[in-house]
$ cat structure-v2.cif   # mmCIF, C-alpha atoms and all ligand atoms
data_query
loop_
_atom_site.label_atom_id
_atom_site.label_comp_id
_atom_site.auth_asym_id
_atom_site.auth_seq_id
_atom_site.Cartn_x
_atom_site.Cartn_y
_atom_site.Cartn_z
CA MET T 35 -41.49 93.21 -29.42
CA HIS T 36 -41.37 94.43 -25.85
CA LEU T 37 -39.94 92.08 -23.27
CA GLU T 38 -40.71 94.22 -20.25
CA LEU T 39 -44.22 94.47 -18.89
CA SER T 40 -45.65 97.94 -18.35
CA ASP T 41 -46.73 99.03 -14.86
CA GLN T 42 -50.34 98.42 -15.86
CA GLU T 43 -49.53 94.94 -17.17
CA LEU T 44 -47.59 94.12 -14.01
CA SER T 45 -50.57 95.22 -11.95
CA TRP T 46 -52.98 93.00 -13.95
CA GLN T 47 -50.52 90.12 -13.65
CA THR T 48 -50.41 90.50 -9.87
CA GLU T 49 -54.21 90.73 -9.66
CA TRP T 50 -54.62 87.56 -11.78
CA ARG T 51 -51.93 85.70 -9.84
CA ASN T 52 -53.62 86.56 -6.56
CA PHE T 53 -56.99 85.45 -7.90
CA ALA T 54 -55.47 82.15 -9.02
CA THR T 55 -53.81 81.57 -5.65
CA GLU T 56 -56.77 82.63 -3.50
CA VAL T 57 -59.67 81.24 -5.52
CA LEU T 58 -58.48 78.62 -8.02
CA ALA T 59 -55.95 76.78 -5.91
CA PRO T 60 -58.41 75.80 -3.13
CA ALA T 61 -61.09 74.75 -5.67
CA SER T 62 -58.77 72.76 -7.94
CA GLU T 63 -58.56 69.67 -5.75
CA GLU T 64 -62.37 69.46 -5.59
CA MET T 65 -62.58 69.93 -9.36
CA ASP T 66 -60.00 67.19 -9.93
CA ARG T 67 -61.82 64.79 -7.58
CA THR T 68 -65.34 65.42 -8.91
CA ALA T 69 -64.31 66.04 -12.53
CA ARG T 70 -66.83 68.89 -12.62
CA LEU T 71 -66.35 72.64 -12.77
CA PRO T 72 -67.75 73.64 -9.37
CA ASP T 73 -70.66 76.09 -9.57
CA HIS T 74 -69.14 78.23 -6.81
CA LEU T 75 -65.96 78.58 -8.86
CA LEU T 76 -67.90 79.67 -11.92
CA ALA T 77 -69.76 82.15 -9.71
CA SER T 78 -66.43 83.54 -8.42
CA LEU T 79 -65.15 83.96 -11.97
CA ARG T 80 -68.34 85.85 -12.82
CA ASP T 81 -68.24 88.00 -9.69
CA ARG T 82 -64.63 89.01 -10.30
CA ARG T 83 -65.55 89.89 -13.91
CA ILE T 84 -62.22 88.45 -14.84
CA LEU T 85 -62.87 88.40 -18.61
CA GLN T 86 -64.67 91.74 -18.81
CA PRO T 87 -61.51 93.71 -19.76
CA PHE T 88 -61.21 91.61 -22.92
CA LEU T 89 -64.36 93.16 -24.39
CA PRO T 90 -63.79 96.05 -26.79
CA VAL T 91 -64.10 99.48 -25.18
CA GLU T 92 -67.38 100.18 -27.01
CA LEU T 93 -68.86 97.09 -25.35
CA GLY T 94 -67.83 98.16 -21.87
CA GLY T 95 -64.43 96.47 -21.72
CA GLN T 96 -60.87 97.71 -21.85
CA GLY T 97 -60.02 96.24 -25.23
CA LEU T 98 -57.31 93.94 -23.88
CA GLU T 99 -55.54 92.00 -26.59
CA LEU T 100 -54.19 88.50 -27.21
CA PHE T 101 -50.96 89.35 -25.40
CA HIS T 102 -52.87 90.19 -22.23
CA LEU T 103 -54.88 87.00 -22.61
CA THR T 104 -51.63 85.02 -22.59
CA LEU T 105 -50.63 86.79 -19.37
CA LEU T 106 -54.00 85.91 -17.82
CA VAL T 107 -54.03 82.24 -18.85
CA GLU T 108 -50.40 81.79 -17.80
CA GLU T 109 -51.36 82.93 -14.29
CA LEU T 110 -54.54 80.85 -14.18
CA GLY T 111 -52.65 77.90 -15.66
CA ARG T 112 -50.32 77.82 -12.66
CA GLN T 113 -53.19 76.67 -10.47
CA SER T 114 -55.77 75.35 -12.88
CA PRO T 115 -55.07 74.67 -16.55
CA VAL T 116 -58.77 73.77 -16.80
CA VAL T 117 -59.99 77.23 -15.78
CA ALA T 118 -57.26 78.80 -17.90
CA TRP T 119 -58.61 76.80 -20.85
CA LEU T 120 -62.12 78.08 -20.13
CA ALA T 121 -60.85 81.66 -20.10
CA ALA T 122 -59.04 81.12 -23.41
CA GLN T 123 -62.13 79.59 -25.03
CA GLN T 124 -64.41 82.36 -23.83
CA VAL T 125 -62.18 85.16 -25.08
CA VAL T 126 -60.90 83.62 -28.32
CA ILE T 127 -64.16 82.00 -29.43
CA GLY T 128 -66.78 84.01 -27.56
CA ILE T 129 -65.36 87.48 -28.01
CA ARG T 130 -62.66 87.64 -30.67
CA THR T 131 -63.90 85.09 -33.23
CA ASN T 132 -67.54 85.96 -32.64
CA LEU T 133 -67.02 89.66 -33.27
CA ALA T 134 -64.59 89.18 -36.17
CA CYS T 135 -66.24 86.35 -38.11
CA PHE T 136 -69.96 86.14 -37.44
CA ASN T 137 -72.76 88.46 -38.51
CA VAL T 138 -75.23 87.15 -35.96
CA PRO T 139 -77.58 90.10 -35.21
CA ASP T 140 -76.96 89.90 -31.45
CA HIS T 141 -73.25 89.12 -31.64
CA ARG T 142 -72.40 92.04 -29.32
CA ASP T 143 -74.74 90.62 -26.67
CA LEU T 144 -73.16 87.22 -27.20
CA ALA T 145 -69.73 88.72 -26.63
CA ARG T 146 -70.92 90.30 -23.37
CA GLN T 147 -72.44 87.00 -22.26
CA ALA T 148 -69.19 85.21 -23.09
CA ALA T 149 -67.20 87.75 -21.07
CA ASN T 150 -69.57 87.40 -18.10
CA LEU T 151 -69.49 83.60 -18.41
CA GLU T 152 -73.26 83.64 -18.69
CA ALA T 153 -72.85 81.83 -21.98
CA ILE T 154 -70.17 79.14 -22.25
CA CYS T 155 -68.98 78.87 -25.84
CA SER T 156 -67.22 75.73 -26.96
CA LEU T 157 -65.42 74.32 -29.96
CA ALA T 158 -66.80 71.27 -31.74
CA ALA T 159 -64.33 70.15 -34.39
CA THR T 160 -62.94 66.66 -33.62
CA GLU T 161 -65.00 63.69 -34.79
CA PRO T 162 -64.73 59.98 -34.01
CA GLU T 163 -63.06 59.36 -37.41
CA ALA T 164 -61.54 62.81 -37.90
CA GLY T 165 -59.06 63.71 -35.16
CA CYS T 166 -55.84 65.11 -36.57
CA ASP T 167 -57.22 64.77 -40.08
CA LEU T 168 -59.93 67.40 -40.21
CA GLY T 169 -60.08 66.91 -43.98
CA ALA T 170 -61.97 63.71 -43.16
CA LEU T 171 -64.90 65.47 -41.45
CA THR T 172 -68.25 63.78 -42.01
CA THR T 173 -70.48 66.27 -40.17
CA THR T 174 -72.18 68.11 -43.00
CA SER T 175 -73.78 71.51 -43.48
CA ARG T 176 -76.19 71.84 -46.39
CA ARG T 177 -77.88 75.02 -47.62
CA ARG T 178 -81.66 74.59 -47.78
CA ASP T 179 -84.04 76.25 -50.23
CA ASP T 180 -85.04 78.80 -47.54
CA GLY T 181 -81.40 79.92 -47.23
CA GLN T 182 -80.83 78.34 -43.82
CA TYR T 183 -78.31 75.57 -43.22
CA GLU T 184 -78.90 72.06 -41.94
CA VAL T 185 -76.15 70.43 -39.87
CA SER T 186 -75.95 66.66 -39.32
CA GLY T 187 -73.24 64.50 -37.77
CA GLY T 188 -71.31 63.80 -34.61
CA LYS T 189 -68.45 65.44 -32.71
CA ALA T 190 -66.36 63.35 -30.33
CA TYR T 191 -65.14 65.67 -27.58
CA VAL T 192 -66.62 69.05 -26.80
CA ASN T 193 -65.52 70.82 -23.63
CA TRP T 194 -68.40 71.79 -21.35
CA ALA T 195 -70.87 70.57 -24.00
CA GLY T 196 -73.54 70.11 -21.33
CA ARG T 197 -73.24 73.73 -20.18
CA ALA T 198 -72.49 75.46 -23.48
CA ARG T 199 -74.94 78.03 -24.80
CA TRP T 200 -73.28 78.01 -28.19
CA LEU T 201 -70.81 75.94 -30.14
CA VAL T 202 -68.54 76.92 -32.97
CA THR T 203 -68.30 73.92 -35.24
CA LEU T 204 -66.47 72.99 -38.41
CA THR T 205 -68.43 71.05 -41.02
CA LYS T 206 -68.01 69.53 -44.45
CA ALA T 207 -69.76 71.97 -46.80
CA GLU T 208 -72.14 70.11 -49.08
CA GLY T 209 -72.85 71.69 -52.44
CA GLU T 210 -70.42 74.59 -51.86
CA GLY T 211 -67.11 75.17 -53.60
CA GLY T 212 -64.18 76.91 -51.96
CA GLN T 213 -62.22 75.04 -49.30
CA GLY T 214 -64.98 72.48 -48.74
CA SER T 215 -65.65 73.39 -45.12
CA THR T 216 -68.00 75.75 -43.33
CA MET T 217 -67.64 77.10 -39.80
CA LEU T 218 -70.93 77.76 -38.03
CA LEU T 219 -72.25 78.91 -34.71
CA ILE T 220 -74.92 76.67 -33.16
CA ARG T 221 -77.06 77.79 -30.23
CA LEU T 222 -77.88 75.45 -27.37
CA PRO T 223 -79.93 73.92 -25.94
CA SER T 224 -81.66 72.53 -28.99
CA PRO T 225 -83.81 69.40 -29.35
CA GLN T 226 -81.78 68.61 -32.48
CA VAL T 227 -78.48 68.56 -30.55
CA LYS T 228 -77.89 65.53 -28.34
CA ILE T 229 -75.14 65.68 -25.69
CA GLY T 230 -73.55 62.40 -24.53
CA GLU T 231 -71.91 61.37 -21.25
CA VAL T 232 -68.87 63.29 -20.05
CA HIS T 233 -65.65 61.33 -20.81
CA ALA T 234 -63.61 60.17 -17.82
CA THR T 235 -60.03 61.40 -18.25
CA LEU T 236 -56.51 61.08 -16.82
CA GLY T 237 -56.22 64.80 -16.14
CA MET T 238 -57.81 68.16 -16.96
CA ASN T 239 -60.69 67.06 -14.75
CA GLY T 240 -63.39 69.72 -14.98
CA LEU T 241 -63.22 70.15 -18.78
CA GLU T 242 -66.38 68.05 -18.94
CA ALA T 243 -65.68 66.97 -22.53
CA ALA T 244 -68.57 65.04 -24.07
CA PRO T 245 -69.70 63.82 -27.49
CA VAL T 246 -72.32 65.84 -29.36
CA VAL T 247 -74.65 64.76 -32.16
CA PHE T 248 -76.40 67.16 -34.53
CA GLU T 249 -79.64 65.73 -35.92
CA ARG T 250 -80.56 67.95 -38.85
CA GLN T 251 -80.00 71.06 -36.74
CA VAL T 252 -81.21 74.14 -38.63
CA VAL T 253 -78.88 77.13 -38.51
CA PRO T 254 -79.67 80.64 -39.87
CA ALA T 255 -77.41 81.93 -42.65
CA SER T 256 -76.18 84.70 -40.31
CA HIS T 257 -74.58 82.00 -38.14
CA VAL T 258 -72.12 81.02 -40.89
CA ALA T 259 -68.64 82.45 -40.38
CA GLY T 260 -67.61 84.43 -43.45
CA VAL T 261 -68.60 82.66 -46.65
CA ALA T 262 -69.97 79.10 -46.67
CA GLY T 263 -67.38 76.70 -48.04
CA PHE T 264 -64.48 78.88 -46.87
CA GLY T 265 -64.37 77.85 -43.22
CA HIS T 266 -60.82 76.54 -42.99
CA ASP T 267 -58.96 79.85 -42.99
CA LEU T 268 -61.24 81.31 -40.31
CA TYR T 269 -61.01 78.11 -38.29
CA ASP T 270 -57.19 78.12 -38.55
CA ARG T 271 -57.04 81.72 -37.41
CA MET T 272 -59.13 80.94 -34.32
CA VAL T 273 -57.18 77.78 -33.57
CA ASN T 274 -53.84 79.60 -33.93
CA GLU T 275 -54.93 81.96 -31.15
CA LEU T 276 -56.08 79.04 -29.03
CA ARG T 277 -52.74 77.29 -29.60
CA ILE T 278 -50.87 80.37 -28.41
CA CYS T 279 -53.08 80.34 -25.30
CA VAL T 280 -52.37 76.64 -24.71
CA ALA T 281 -48.66 77.44 -24.94
CA ALA T 282 -49.16 80.16 -22.31
CA ILE T 283 -51.11 77.76 -20.07
CA ALA T 284 -48.26 75.25 -20.40
CA THR T 285 -45.79 77.98 -19.46
CA GLY T 286 -47.76 78.74 -16.30
CA LEU T 287 -48.01 75.05 -15.46
CA GLY T 288 -44.25 74.59 -15.90
CA GLN T 289 -43.50 77.70 -13.85
CA GLN T 290 -45.65 76.51 -10.96
CA VAL T 291 -44.11 73.04 -10.90
CA PHE T 292 -40.67 74.64 -11.02
CA ASP T 293 -41.54 76.91 -8.07
CA ASP T 294 -42.97 74.03 -6.01
CA ALA T 295 -40.01 71.77 -6.73
CA ALA T 296 -37.42 74.50 -6.06
CA HIS T 297 -39.08 75.32 -2.73
CA HIS T 298 -39.01 71.65 -1.81
CA ALA T 299 -35.38 71.19 -2.87
CA LYS T 300 -34.27 74.03 -0.60
CA SER T 301 -35.98 72.67 2.50
CA ARG T 302 -35.82 68.86 2.09
CA LYS T 303 -32.63 67.44 3.61
CA GLN T 304 -31.10 64.05 2.83
CA PHE T 305 -27.56 62.90 3.61
CA GLY T 306 -27.38 65.88 5.96
CA ARG T 307 -27.89 68.60 3.33
CA PRO T 308 -30.66 70.16 1.21
CA ILE T 309 -31.28 67.99 -1.83
CA GLY T 310 -31.04 71.15 -3.96
CA SER T 311 -27.32 71.27 -3.17
CA PHE T 312 -26.69 68.12 -5.21
CA GLN T 313 -25.29 69.01 -8.60
CA SER T 314 -27.31 66.43 -10.52
CA LEU T 315 -30.49 68.18 -9.36
CA GLN T 316 -29.09 71.69 -9.85
CA TRP T 317 -28.35 71.09 -13.52
CA ARG T 318 -31.85 69.86 -14.12
CA PHE T 319 -33.28 72.84 -12.24
CA SER T 320 -31.29 75.03 -14.63
CA ASP T 321 -32.71 73.10 -17.59
CA ALA T 322 -36.23 73.51 -16.19
CA ALA T 323 -35.79 77.27 -15.73
CA LEU T 324 -34.38 77.51 -19.24
CA LYS T 325 -37.31 75.63 -20.75
CA VAL T 326 -39.97 77.70 -18.95
CA ASP T 327 -38.28 80.94 -19.95
CA ALA T 328 -37.91 79.87 -23.57
CA ALA T 329 -41.55 78.74 -23.63
CA ARG T 330 -42.66 82.21 -22.51
CA LEU T 331 -40.51 83.83 -25.21
CA HIS T 332 -42.08 81.56 -27.85
CA VAL T 333 -45.52 82.66 -26.66
CA TRP T 334 -44.65 86.34 -26.79
CA GLN T 335 -43.06 86.00 -30.23
CA ALA T 336 -46.13 84.18 -31.55
CA VAL T 337 -48.41 86.91 -30.19
CA GLU T 338 -46.25 89.60 -31.76
CA LEU T 339 -46.33 87.95 -35.17
CA ALA T 340 -50.04 87.13 -34.92
CA GLY T 341 -50.64 90.85 -34.39
CA ALA T 342 -48.38 91.86 -37.24
CA LYS T 343 -49.68 89.40 -39.84
CA GLY T 344 -53.19 88.72 -38.58
CA SER T 345 -52.36 85.05 -38.38
CA CYS T 346 -49.19 83.07 -37.83
CA PHE T 347 -49.48 79.33 -38.07
CA GLN T 348 -45.73 78.68 -37.87
CA GLN T 349 -44.95 80.57 -34.66
CA ALA T 350 -48.18 79.51 -32.95
CA ALA T 351 -47.39 75.87 -33.75
CA MET T 352 -43.78 76.21 -32.57
CA ALA T 353 -44.92 77.88 -29.35
CA LYS T 354 -47.47 75.15 -28.73
CA ILE T 355 -45.03 72.29 -29.38
CA PHE T 356 -42.21 73.83 -27.38
CA ALA T 357 -44.21 75.01 -24.39
CA THR T 358 -46.32 71.87 -23.99
CA GLU T 359 -43.32 69.54 -24.31
CA ALA T 360 -41.36 71.75 -21.91
CA ALA T 361 -44.25 71.69 -19.42
CA PHE T 362 -44.39 67.91 -19.50
CA TRP T 363 -40.61 67.66 -19.07
CA VAL T 364 -40.70 70.07 -16.14
CA ALA T 365 -43.69 68.27 -14.57
CA ASP T 366 -41.83 64.95 -14.82
CA PHE T 367 -38.65 66.44 -13.37
CA GLY T 368 -40.60 68.27 -10.65
CA MET T 369 -42.17 65.03 -9.55
CA GLN T 370 -38.76 63.31 -9.52
CA ALA T 371 -37.25 66.13 -7.47
CA MET T 372 -40.07 66.02 -4.94
CA GLY T 373 -40.21 62.22 -4.80
CA SER T 374 -43.13 60.53 -3.08
CA LYS T 375 -44.44 63.80 -1.72
CA ALA T 376 -45.48 64.80 -5.22
CA TYR T 377 -46.69 61.34 -6.25
CA VAL T 378 -49.14 60.98 -3.38
CA ARG T 379 -52.54 62.71 -3.70
CA PRO T 380 -53.57 65.39 -3.14
CA SER T 381 -50.55 67.10 -4.60
CA ARG T 382 -50.52 70.03 -7.01
CA VAL T 383 -47.53 68.65 -8.91
CA GLU T 384 -49.24 65.26 -9.33
CA ARG T 385 -52.36 66.98 -10.72
CA LEU T 386 -50.39 69.28 -13.00
CA PHE T 387 -48.34 66.28 -14.24
CA ARG T 388 -51.58 64.63 -15.42
CA ASP T 389 -52.90 67.90 -16.87
CA ALA T 390 -49.64 68.50 -18.76
CA ARG T 391 -50.07 65.26 -20.69
CA PHE T 392 -53.24 66.54 -22.31
CA LEU T 393 -51.66 69.74 -23.59
CA LYS T 394 -49.45 67.80 -26.04
CA ILE T 395 -52.54 66.18 -27.61
CA ALA T 396 -55.30 68.76 -27.90
CA LEU T 397 -55.62 71.46 -30.54
CA GLY T 398 -53.00 69.90 -32.79
CA THR T 399 -50.77 67.08 -31.58
CA SER T 400 -47.02 67.65 -31.51
CA GLU T 401 -46.65 65.29 -34.49
CA ILE T 402 -49.22 67.01 -36.69
CA LEU T 403 -47.86 70.46 -35.91
CA ARG T 404 -44.34 69.24 -36.74
CA ASN T 405 -45.63 67.84 -40.05
CA LYS T 406 -47.22 71.18 -40.90
CA ILE T 407 -44.15 73.19 -39.89
CA ALA T 408 -42.00 70.92 -42.09
CA GLU T 409 -44.31 71.50 -45.07
CA ARG T 410 -43.59 75.22 -44.80
CA LEU T 411 -39.82 75.04 -44.26
C1 LIG V 501 -60.48 65.72 -22.70
C2 LIG V 501 -60.52 66.13 -24.13
C3 LIG V 501 -61.11 67.33 -24.50
C4 LIG V 501 -61.17 67.70 -25.83
N1 LIG V 501 -61.84 68.84 -26.17
C5 LIG V 501 -62.06 69.13 -27.46
C6 LIG V 501 -62.91 70.21 -27.83
O1 LIG V 501 -63.43 70.95 -26.98
N2 LIG V 501 -63.15 70.41 -29.15
C7 LIG V 501 -62.60 69.63 -30.12
O2 LIG V 501 -62.87 69.86 -31.29
N3 LIG V 501 -61.76 68.59 -29.80
C8 LIG V 501 -61.50 68.33 -28.50
N4 LIG V 501 -60.67 67.28 -28.16
C9 LIG V 501 -60.07 66.47 -29.21
C10 LIG V 501 -58.55 66.68 -29.36
O3 LIG V 501 -58.27 67.95 -29.84
C11 LIG V 501 -58.09 65.55 -30.30
O4 LIG V 501 -58.03 64.40 -29.49
C12 LIG V 501 -56.79 65.81 -30.96
O5 LIG V 501 -56.97 66.80 -31.93
C13 LIG V 501 -56.18 64.58 -31.63
O6 LIG V 501 -57.11 63.82 -32.33
P1 LIG V 501 -57.25 62.25 -32.03
O7 LIG V 501 -57.29 62.08 -30.55
O8 LIG V 501 -58.43 61.73 -32.78
O9 LIG V 501 -55.92 61.59 -32.54
P2 LIG V 501 -55.64 60.82 -33.92
O10 LIG V 501 -55.92 61.72 -35.06
O11 LIG V 501 -56.33 59.50 -33.90
O12 LIG V 501 -54.08 60.58 -33.80
C14 LIG V 501 -53.54 59.62 -32.91
C15 LIG V 501 -52.00 59.75 -32.90
O13 LIG V 501 -51.50 59.57 -34.23
C16 LIG V 501 -50.68 60.68 -34.56
N5 LIG V 501 -50.84 60.97 -35.99
C17 LIG V 501 -51.99 61.07 -36.71
N6 LIG V 501 -51.73 61.39 -37.96
C18 LIG V 501 -50.38 61.52 -38.07
C19 LIG V 501 -49.48 61.86 -39.12
N7 LIG V 501 -49.91 62.16 -40.35
N8 LIG V 501 -48.16 61.89 -38.86
C20 LIG V 501 -47.68 61.61 -37.60
N9 LIG V 501 -48.48 61.28 -36.57
C21 LIG V 501 -49.81 61.25 -36.80
C22 LIG V 501 -51.20 61.83 -33.71
O14 LIG V 501 -50.21 62.83 -33.54
C23 LIG V 501 -51.53 61.11 -32.42
O15 LIG V 501 -50.36 60.98 -31.65
C24 LIG V 501 -60.58 66.89 -26.83
C25 LIG V 501 -59.95 65.69 -26.45
C26 LIG V 501 -59.93 65.30 -25.14
C27 LIG V 501 -59.28 64.01 -24.76
#

$ encode --input "structure-v2.cif" --output "structure tokens" --more "lines below"
Ligand SMILES: Cc1cc2nc3c(=O)[nH]c(=O)nc-3n(C[C@H](O)[C@H](O)[C@H](O)COP(=O)(O)OP(=O)(O)OC[C@H]3O[C@@H](n4cnc5c(N)ncnc54)[C@H](O)[C@@H]3O)c2cc1C
Amino acid sequence: MHLELSDQELSWQTEWRNFATEVLAPASEEMDRTARLPDHLLASLRDRRILQPFLPVELGGQGLELFHLTLLVEELGRQSPVVAWLAAQQVVIGIRTNLACFNVPDHRDLARQAANLEAICSLAATEPEAGCDLGALTTTSRRRDDGQYEVSGGKAYVNWAGRARWLVTLTKAEGEGGQGSTMLLIRLPSPQVKIGEVHATLGMNGLEAAPVVFERQVVPASHVAGVAGFGHDLYDRMVNELRICVAAIATGLGQQVFDDAAHHAKSRKQFGRPIGSFQSLQWRFSDAALKVDAARLHVWQAVELAGAKGSCFQQAAMAKIFATEAAFWVADFGMQAMGSKAYVRPSRVERLFRDARFLKIALGTSEILRNKIAERL
């Protein structure tokens, strides 16, 4: 495991940090206020071809790997965890999972469209009655006599459902053996897929999460990931990568709050001296730095083991728990250190504080991941 970035990696990191500061930061307040991903921001992401390098070389990319994706989403996550989430979804679902798991005839075109953000690709797993317990899924996929599959049921929260061109969904496999679940790719728009109203949320405004209903949606057999009935392993592999990305987003969020709060503590004077000179704050700044650093190490370790073993539930889960809880701790401390200045809108720390709360819930709550880690100890 290398802990020092190469010159090339440092150069990408600088490029991504600059993009986040110049383009994401000014748009984030608008996105938070309107709870919509602004079209001009999406256009900027397309123009900068920010995800292009994550395509394999034979598809015109540079073959960047999961490690580089964590570097990218950490930088984007400093300014906008929402856009960082979009980048993670597009690369993990639209490029990596698509190319590795689906035999859709045009899957290379789909990967290119995902990289160019021409096609938003989302995850549709959670259901109204199946949140943490995905064993309780009621959305079904059934093989028809003509070999195609029919999908029926409802999903509760799907990011950018109204914009998505395809969804990867997990279903209860009817009439199949194996693990009892099938992962499928569903193309949108479709008259058999109904998209509900976008949920209003505390933070992560711009995710545009909405419910989705499949009304006997017909899906070609080529859109099944791997073998029907054996969806769980493929789903877990995809979600492990997404969890590592969420941990990296949380690291970026924590780092940015730390930087903002440290800057404030050096310049804000009370009782005739900078507030950063008070020991009670200094110790908590040290704790914050420690947590952000350790979160980044967890991310890098999880990436390393994911590469070595192909999948690594344990380290991905640990990274996600640690980094998201650290980010929330740092966001809370950052707000305390900055006082009213951070509490009053618009304030980056106030927005990131609300965003941080979501990271502990989505893609495996801290409790569920702890349960699953314990089962393996
Ligand atoms: C804005 C937003 C966007 C989202 N986007 C997506 C998306 O794009 N795709 C998608 O599929 N999902 C999405 N989700 C869903 C999200 O991933 C789920 O909310 C999450 O997985 C938890 O499910 P739940 O909310 O139903 O919680 P529940 O399963 O109802 O759990 C509630 C609480 O009980 C705890 N709990 C449950 N079981 C146990 C147990 N056995 N032991 C200990 N504690 C337990 C949980 O940890 C949690 O704290 C989104 C959610 C939101 C709010």

$ residues_near_ligand --input "structure-v2.cif" --ligand "ligand LIG 501 (chain V)" --cutoff "8 Å" --atoms "only C-alpha atoms and all ligand atoms" --output "PDB file with C-alpha atoms, in the frame of the given file"
ATOM      1  CA  SER T 156     -67.220  75.730 -26.960  1.00  0.00           C
ATOM      2  CA  LEU T 157     -65.420  74.320 -29.960  1.00  0.00           C
ATOM      3  CA  ALA T 158     -66.800  71.270 -31.740  1.00  0.00           C
ATOM      4  CA  ALA T 159     -64.330  70.150 -34.390  1.00  0.00           C
ATOM      5  CA  THR T 160     -62.940  66.660 -33.620  1.00  0.00           C
ATOM      6  CA  GLU T 161     -65.000  63.690 -34.790  1.00  0.00           C
ATOM      7  CA  PRO T 162     -64.730  59.980 -34.010  1.00  0.00           C
ATOM      8  CA  GLU T 163     -63.060  59.360 -37.410  1.00  0.00           C
ATOM      9  CA  ALA T 164     -61.540  62.810 -37.900  1.00  0.00           C
ATOM     10  CA  GLY T 165     -59.060  63.710 -35.160  1.00  0.00           C
ATOM     11  CA  CYS T 166     -55.840  65.110 -36.570  1.00  0.00           C
ATOM     12  CA  ASP T 167     -57.220  64.770 -40.080  1.00  0.00           C
ATOM     13  CA  LYS T 189     -68.450  65.440 -32.710  1.00  0.00           C
ATOM     14  CA  ALA T 190     -66.360  63.350 -30.330  1.00  0.00           C
ATOM     15  CA  TYR T 191     -65.140  65.670 -27.580  1.00  0.00           C
ATOM     16  CA  VAL T 192     -66.620  69.050 -26.800  1.00  0.00           C
ATOM     17  CA  ASN T 193     -65.520  70.820 -23.630  1.00  0.00           C
ATOM     18  CA  TRP T 194     -68.400  71.790 -21.350  1.00  0.00           C
ATOM     19  CA  THR T 203     -68.300  73.920 -35.240  1.00  0.00           C
ATOM     20  CA  HIS T 233     -65.650  61.330 -20.810  1.00  0.00           C
ATOM     21  CA  THR T 235     -60.030  61.400 -18.250  1.00  0.00           C
ATOM     22  CA  GLY T 237     -56.220  64.800 -16.140  1.00  0.00           C
ATOM     23  CA  MET T 238     -57.810  68.160 -16.960  1.00  0.00           C
ATOM     24  CA  LEU T 241     -63.220  70.150 -18.780  1.00  0.00           C
ATOM     25  CA  GLU T 242     -66.380  68.050 -18.940  1.00  0.00           C
ATOM     26  CA  ALA T 243     -65.680  66.970 -22.530  1.00  0.00           C
ATOM     27  CA  ALA T 244     -68.570  65.040 -24.070  1.00  0.00           C
ATOM     28  CA  PHE T 392     -53.240  66.540 -22.310  1.00  0.00           C
ATOM     29  CA  ILE T 395     -52.540  66.180 -27.610  1.00  0.00           C
ATOM     30  CA  ALA T 396     -55.300  68.760 -27.900  1.00  0.00           C
ATOM     31  CA  LEU T 397     -55.620  71.460 -30.540  1.00  0.00           C
ATOM     32  CA  GLY T 398     -53.000  69.900 -32.790  1.00  0.00           C
ATOM     33  CA  THR T 399     -50.770  67.080 -31.580  1.00  0.00           C
ATOM     34  CA  SER T 400     -47.020  67.650 -31.510  1.00  0.00           C
ATOM     35  CA  GLU T 401     -46.650  65.290 -34.490  1.00  0.00           C
ATOM     36  CA  ILE T 402     -49.220  67.010 -36.690  1.00  0.00           C
ATOM     37  CA  ASN T 405     -45.630  67.840 -40.050  1.00  0.00           C
TER      38      ASN T 405
END

$ atom_distance --input "structure-v2.cif" --atom1 "atom CA of T:Arg379" --atom2 "atom CA of T:Cys279"
27.9 Å

$ atom_distance --input "structure-v2.cif" --atom1 "atom CA of T:Ala153" --atom2 "atom CA of T:Ala198"
6.6 Å

$ closest_residue --input "structure-v2.cif" --among "T:Phe248, T:Phe53, T:Phe362, T:Phe264" --to "T:Gln289" --atoms "only C-alpha atoms"
T:Phe362

$ closest_residue --input "structure-v2.cif" --among "T:Arg382, T:Arg83, T:His266, T:His36" --to "T:Gly169" --atoms "all atoms listed in the file"
T:His266

$ residues_around --input "structure-v2.cif" --residues "stretch 206-213 of chain T" --least-positions-apart "5" --cutoff "12 Å" --atoms "all atoms listed in the file" --output "PyMOL selection string"
chain T and resi 159+161+164+168-178+183-188+218+258+260-269
